[in-house]
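A.B. asks: Take a look at the following structure, please.
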Amino acid sequence: RLGAVAFPRRQLLPMPVAASTMGADAAVVNDDGIRLPRLVVFDLDNCCWTPEMYQLYSGAPFAYNESENICTSSGGGRRGRGEVVSLLGNVAEIWGCLRNKAGLPLSAYAGAEAGRFGDVVFDPETTRICIASCCDEPAWGRELLTKFRVVELQQDGGGAHVKAYGETMAEAVSVAKIHFGGKREHHQEIQRESGGVEFRDMIFFDDAGHHIRDVGGMGVTAVHTPHGGVTWRSLVEALEQFQRA
């Protein structure tokens with residue numbers, strides 16, 4: 001069952017670099033004629049998790065609670081120790097769906113919320129996760145990515161698929177841009193490091209409207225998530241817009 005498995009503690013690792021084989025291939029279209037993104041890009045603060053880094057009094061190092069998939073600041077002796085950082089919306093499940101180690105359709109993860117995209121099967125070789133963040137404490141953000149885990153579907157002893165915490169978010173990411181600057185700059189860097197993937201083949205989620213306008217103006221399918229983070233509804237909305245891009 002979810003969270004029942006104990007995971008070993010890991011050392012902090014550098015963020016993964018972009019795969020050199022990603023390349024600027026043609027758009028991905030499945031057998032039903034549905035276009036799929038080659039990159040799905042996420043903001044972090046107030047989009048993937050809460051609170052935002054600037055709202056923390058303490059911060060790193062963070063202790064990970066493996067049963068609840070939350071992180072608590074220990075703050076190195078600073079005030080505010082014990083502040084909890086948690087994932088928003090369906091972020092953990094959506095990342096597991098995009099990584100799709102089980103090779104299952106979207107409906108297996110999202111149920112009826114998948115709508116007409118229920119039969120879509122994401123392939124992690126052709127649809128990759130990226131990050132574009134200008135959070136105030138980049139080092140804290142990178143540490144949290146090495147601790148939070150995505151929710152995967154794994155087979156139990158009877159052959160049924162059950163939810164379980166799997167790889168860390170850091171392990172799921174292809175390209176991570178976490179530094180001060182505009183989101184247009186982040187996406188330009190992501191494009192270069194992803195082998196030249198076209199902006200029209202990207203989806204981007206962010207809670208800030210001005211970032212959505214800036215990146216949307218580049219040809220990226222940019223979806224505003226002002227409250228509650230990225231949800232299944234956000235993902236379906238993004239896929240709908242992406243078909244018209």
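As shown in the structure tokens, the chain order sets the letters A, B, ...; within each chain, residues go from 1, and ligands are also counted from 1 in the order they appear.
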Identify, on the basis of only C-alpha atoms, every residue whose closest approach to A:Lys101 does not exceed 12 Å; exclude the query and any residue fewer than 3 positions from it along the same chain; express the result as a PDB file with C-alpha atoms, in the first residue's frame.

C.D. replies:
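Generated file (part-v2.pdb):
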ATOM      1  CA  TRP A  95       4.974  12.651 -12.352  1.00  0.00           C
ATOM      2  CA  GLY A  96       4.591   8.901 -11.853  1.00  0.00           C
ATOM      3  CA  CYS A  97       2.168   8.789 -14.793  1.00  0.00           C
ATOM      4  CA  LEU A  98       4.580  10.691 -17.053  1.00  0.00           C
ATOM      5  CA  LEU A 104      -0.241   1.792 -18.337  1.00  0.00           C
ATOM      6  CA  PRO A 105      -2.739   4.278 -19.844  1.00  0.00           C
ATOM      7  CA  TYR A 109      -3.666   6.634 -12.889  1.00  0.00           C
ATOM      8  CA  VAL A 121       0.144   5.901 -22.701  1.00  0.00           C
ATOM      9  CA  PHE A 122       3.064   8.167 -21.839  1.00  0.00           C
ATOM     10  CA  ASP A 123       6.506   6.929 -22.848  1.00  0.00           C
ATOM     11  CA  PRO A 124       9.325   8.382 -20.705  1.00  0.00           C
ATOM     12  CA  GLU A 125      11.687   8.086 -23.661  1.00  0.00           C
ATOM     13  CA  VAL A 150       6.700  10.202  -7.175  1.00  0.00           C
ATOM     14  CA  VAL A 151       3.727   7.855  -6.898  1.00  0.00           C
ATOM     15  CA  GLU A 152       4.067   4.826  -9.158  1.00  0.00           C
ATOM     16  CA  LEU A 153       1.767   1.931  -9.990  1.00  0.00           C
ATOM     17  CA  GLN A 154       3.441  -1.323  -9.026  1.00  0.00           C
ATOM     18  CA  GLN A 155       2.190  -4.903  -9.222  1.00  0.00           C
ATOM     19  CA  HIS A 161      -1.475  -2.561  -9.722  1.00  0.00           C
ATOM     20  CA  GLY A 166       8.955   5.136  -6.123  1.00  0.00           C
ATOM     21  CA  GLU A 167      11.892   7.173  -7.402  1.00  0.00           C
ATOM     22  CA  ALA A 172      12.508  11.697 -12.639  1.00  0.00           C
TER      23      ALA A 172
END

A.B. asks: Residues at most 10 Å from A:Val220, counting only C-alpha atoms, excluding those fewer than 4 positions away in the same chain, as a PyMOL selection string?

C.D. replies: chain A and resi 41+187+198-204+212-216+242+245

A.B. asks: Those same residues - N, CA and C atoms - I'd like them written as a PDB file, in the first residue's frame.

C.D. replies:
ATOM      1  N   VAL A  41       7.041  20.789 -18.521  1.00  0.00           N
ATOM      2  CA  VAL A  41       7.876  21.640 -17.671  1.00  0.00           C
ATOM      3  C   VAL A  41       7.050  22.151 -16.495  1.00  0.00           C
ATOM      4  N   HIS A 187      13.226  28.474 -20.359  1.00  0.00           N
ATOM      5  CA  HIS A 187      12.793  27.607 -21.452  1.00  0.00           C
ATOM      6  C   HIS A 187      13.787  27.595 -22.608  1.00  0.00           C
ATOM      7  N   GLU A 198      11.247  21.667 -30.023  1.00  0.00           N
ATOM      8  CA  GLU A 198      10.510  22.873 -30.386  1.00  0.00           C
ATOM      9  C   GLU A 198       9.609  23.321 -29.231  1.00  0.00           C
ATOM     10  N   PHE A 199       9.452  24.638 -29.083  1.00  0.00           N
ATOM     11  CA  PHE A 199       8.582  25.160 -28.036  1.00  0.00           C
ATOM     12  C   PHE A 199       7.152  24.642 -28.183  1.00  0.00           C
ATOM     13  N   ARG A 200       6.699  24.438 -29.416  1.00  0.00           N
ATOM     14  CA  ARG A 200       5.329  23.963 -29.642  1.00  0.00           C
ATOM     15  C   ARG A 200       5.141  22.522 -29.156  1.00  0.00           C
ATOM     16  N   ASP A 201       6.237  21.841 -28.841  1.00  0.00           N
ATOM     17  CA  ASP A 201       6.164  20.470 -28.335  1.00  0.00           C
ATOM     18  C   ASP A 201       6.345  20.410 -26.822  1.00  0.00           C
ATOM     19  N   MET A 202       6.168  21.565 -26.162  1.00  0.00           N
ATOM     20  CA  MET A 202       6.304  21.635 -24.710  1.00  0.00           C
ATOM     21  C   MET A 202       4.986  22.047 -24.062  1.00  0.00           C
ATOM     22  N   ILE A 203       4.785  21.558 -22.844  1.00  0.00           N
ATOM     23  CA  ILE A 203       3.719  22.015 -21.953  1.00  0.00           C
ATOM     24  C   ILE A 203       4.383  22.583 -20.711  1.00  0.00           C
ATOM     25  N   PHE A 204       3.822  23.684 -20.199  1.00  0.00           N
ATOM     26  CA  PHE A 204       4.395  24.342 -19.027  1.00  0.00           C
ATOM     27  C   PHE A 204       3.303  24.674 -18.026  1.00  0.00           C
ATOM     28  N   ILE A 212       3.076  32.668 -17.366  1.00  0.00           N
ATOM     29  CA  ILE A 212       2.268  31.963 -18.361  1.00  0.00           C
ATOM     30  C   ILE A 212       2.190  32.785 -19.644  1.00  0.00           C
ATOM     31  N   ARG A 213       1.972  34.087 -19.506  1.00  0.00           N
ATOM     32  CA  ARG A 213       1.907  34.947 -20.693  1.00  0.00           C
ATOM     33  C   ARG A 213       3.246  34.986 -21.422  1.00  0.00           C
ATOM     34  N   ASP A 214       4.332  35.126 -20.677  1.00  0.00           N
ATOM     35  CA  ASP A 214       5.661  35.207 -21.292  1.00  0.00           C
ATOM     36  C   ASP A 214       5.994  33.934 -22.062  1.00  0.00           C
ATOM     37  N   VAL A 215       5.806  32.797 -21.413  1.00  0.00           N
ATOM     38  CA  VAL A 215       6.189  31.522 -22.029  1.00  0.00           C
ATOM     39  C   VAL A 215       5.192  31.129 -23.115  1.00  0.00           C
ATOM     40  N   GLY A 216       3.914  31.421 -22.895  1.00  0.00           N
ATOM     41  CA  GLY A 216       2.918  31.141 -23.927  1.00  0.00           C
ATOM     42  C   GLY A 216       3.209  31.897 -25.203  1.00  0.00           C
ATOM     43  N   PHE A 242      -3.012  21.595 -26.026  1.00  0.00           N
ATOM     44  CA  PHE A 242      -1.878  21.126 -26.814  1.00  0.00           C
ATOM     45  C   PHE A 242      -2.324  20.604 -28.175  1.00  0.00           C
ATOM     46  N   ALA A 245      -2.461  23.481 -30.522  1.00  0.00           N
ATOM     47  CA  ALA A 245      -1.237  24.298 -30.674  1.00  0.00           C
ATOM     48  C   ALA A 245      -0.646  24.138 -32.073  1.00  0.00           C
TER      49      ALA A 245
END

A.B. asks: Enumerate as a PyMOL selection string all residues of stretch 3-235 of chain A assigned to strand (DSSP E) by DSSP on the backbone, naming them with the chain letters and numbers the document uses.

C.D. replies: chain A and resi 28-29+35-36+39-42+49-50+62-65+70-73+84-87+128-133+149-155+161-168+173-178+202-206+221-224

A.B. asks: Would you mind reading off the distance between atom CA of A:Glu143 and atom CA of A:Lys183, one decimal, in Å?

C.D. replies: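 According to the coordinates, atom CA of A:Glu143 and atom CA of A:Lys183 are separated by 21.1 Å.
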
A.B. asks: Find the distance between atom CA of A:Ile178 and atom CA of A:Ile131 and write it in Å to one decimal.

C.D. replies: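 Between atom CA of A:Ile178 and atom CA of A:Ile131 the gap is 7.2 Å.
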
A.B. asks: Find the residues around stretch 84-92 of chain A up to 8 Å (only C-alpha atoms counted), leave out those fewer than 4 positions away in its own chain, and share them as number ranges by chain.

C.D. replies: A: 46-51, 69-73, 96, 149-151, 228-232

A.B. asks: Quick one, how far is atom CA of A:Ser74 from atom CA of A:Glu171?

C.D. replies: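 Taking atom CA of A:Ser74 as the start and atom CA of A:Glu171 as the end point, the length is 23.5 Å.
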
A.B. asks: So, with only C-alpha atoms as the atoms that count, which of A:Leu36, A:Ala170, A:Ala132, A:Leu44 lies closest to A:Arg244?

C.D. replies: A:Leu36

A.B. asks: Could you give me the residues within stretch 28-227 of chain A that DSSP places in alpha helix (DSSP H), as a PyMOL selection string?

C.D. replies: chain A and resi 91-99+106-110+138-145+169-172+183-193+209-216

A.B. asks: Using only C-alpha atoms, can you tell me which of A:Gly195, A:Gly33, A:Gly141, A:Gly82 comes closest to A:Phe117?

C.D. replies: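 Once distances to A:Phe117 are computed over only C-alpha atoms, the minimum belongs to A:Gly33.
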
A.B. asks: Any idea what's packed within 9 Å of A:Gln241, counting only C-alpha atoms, ignoring anything in its chain fewer than 6 positions away? Could you give it as a PyMOL selection string?

C.D. replies: chain A and resi 221-223

A.B. asks: Write a file of the just-selected residues containing N, CA and C atoms, as a PDB file, in the first residue's frame.

C.D. replies:
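Below is the file that was written, result04.pdb:
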ATOM      1  N   THR A 221       2.611  25.545 -24.860  1.00  0.00           N
ATOM      2  CA  THR A 221       1.288  25.417 -24.256  1.00  0.00           C
ATOM      3  C   THR A 221       1.441  25.651 -22.767  1.00  0.00           C
ATOM      4  N   ALA A 222       1.057  26.836 -22.299  1.00  0.00           N
ATOM      5  CA  ALA A 222       1.280  27.249 -20.919  1.00  0.00           C
ATOM      6  C   ALA A 222      -0.043  27.289 -20.163  1.00  0.00           C
ATOM      7  N   VAL A 223      -0.115  26.565 -19.058  1.00  0.00           N
ATOM      8  CA  VAL A 223      -1.360  26.415 -18.306  1.00  0.00           C
ATOM      9  C   VAL A 223      -1.189  27.014 -16.916  1.00  0.00           C
TER      10      VAL A 223
END

A.B. asks: Compile the contact shell of A:Arg116 as a list in words: residues with an atom at most 10 Å away, counting only C-alpha atoms, same-chain residues fewer than 6 positions apart removed.

C.D. replies: Leu106, Ser107, Val236 and Glu240 of chain A

A.B. asks: Take the residues just selected and output them with N, CA and C atoms as a compact mmCIF listing (two decimals), in the first residue's frame.

C.D. replies:
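Writing the result to again25.txt gives the following:
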# COMPACT_ATOMS: atom_id res chain seq x y z
N LEU A 106 -3.30 6.51 -19.15
CA LEU A 106 -3.59 7.58 -18.22
C LEU A 106 -4.77 7.24 -17.31
N SER A 107 -5.76 6.54 -17.83
CA SER A 107 -6.94 6.20 -17.03
C SER A 107 -6.60 5.32 -15.83
N VAL A 236 -5.26 17.46 -18.05
CA VAL A 236 -6.21 17.25 -19.15
C VAL A 236 -6.43 18.56 -19.91
N GLU A 240 -5.67 19.19 -23.85
CA GLU A 240 -6.66 19.75 -24.78
C GLU A 240 -6.09 20.95 -25.52

A.B. asks: Of the residues A:Met53, A:Cys134, A:Asp206, A:Glu93, which is the one nearest to A:Ala164, using only C-alpha atoms?

C.D. replies: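 Checking each of A:Met53, A:Cys134, A:Asp206, A:Glu93 against A:Ala164, counting only C-alpha atoms, the winner is A:Glu93.
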
A.B. asks: A:Val29, A:Val40, A:Ala208, A:Ala112: which is nearest A:Ser174, counting only C-alpha atoms?

C.D. replies: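 Smallest distance to A:Ser174 is found for A:Val40.
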
A.B. asks: Counting only C-alpha atoms, which residue out of A:Asp136, A:Asp32, A:Glu66, A:Glu193 sits closest to A:Ala176?

C.D. replies: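 Comparing A:Asp136, A:Asp32, A:Glu66, A:Glu193 against A:Ala176, the winner is A:Glu193.
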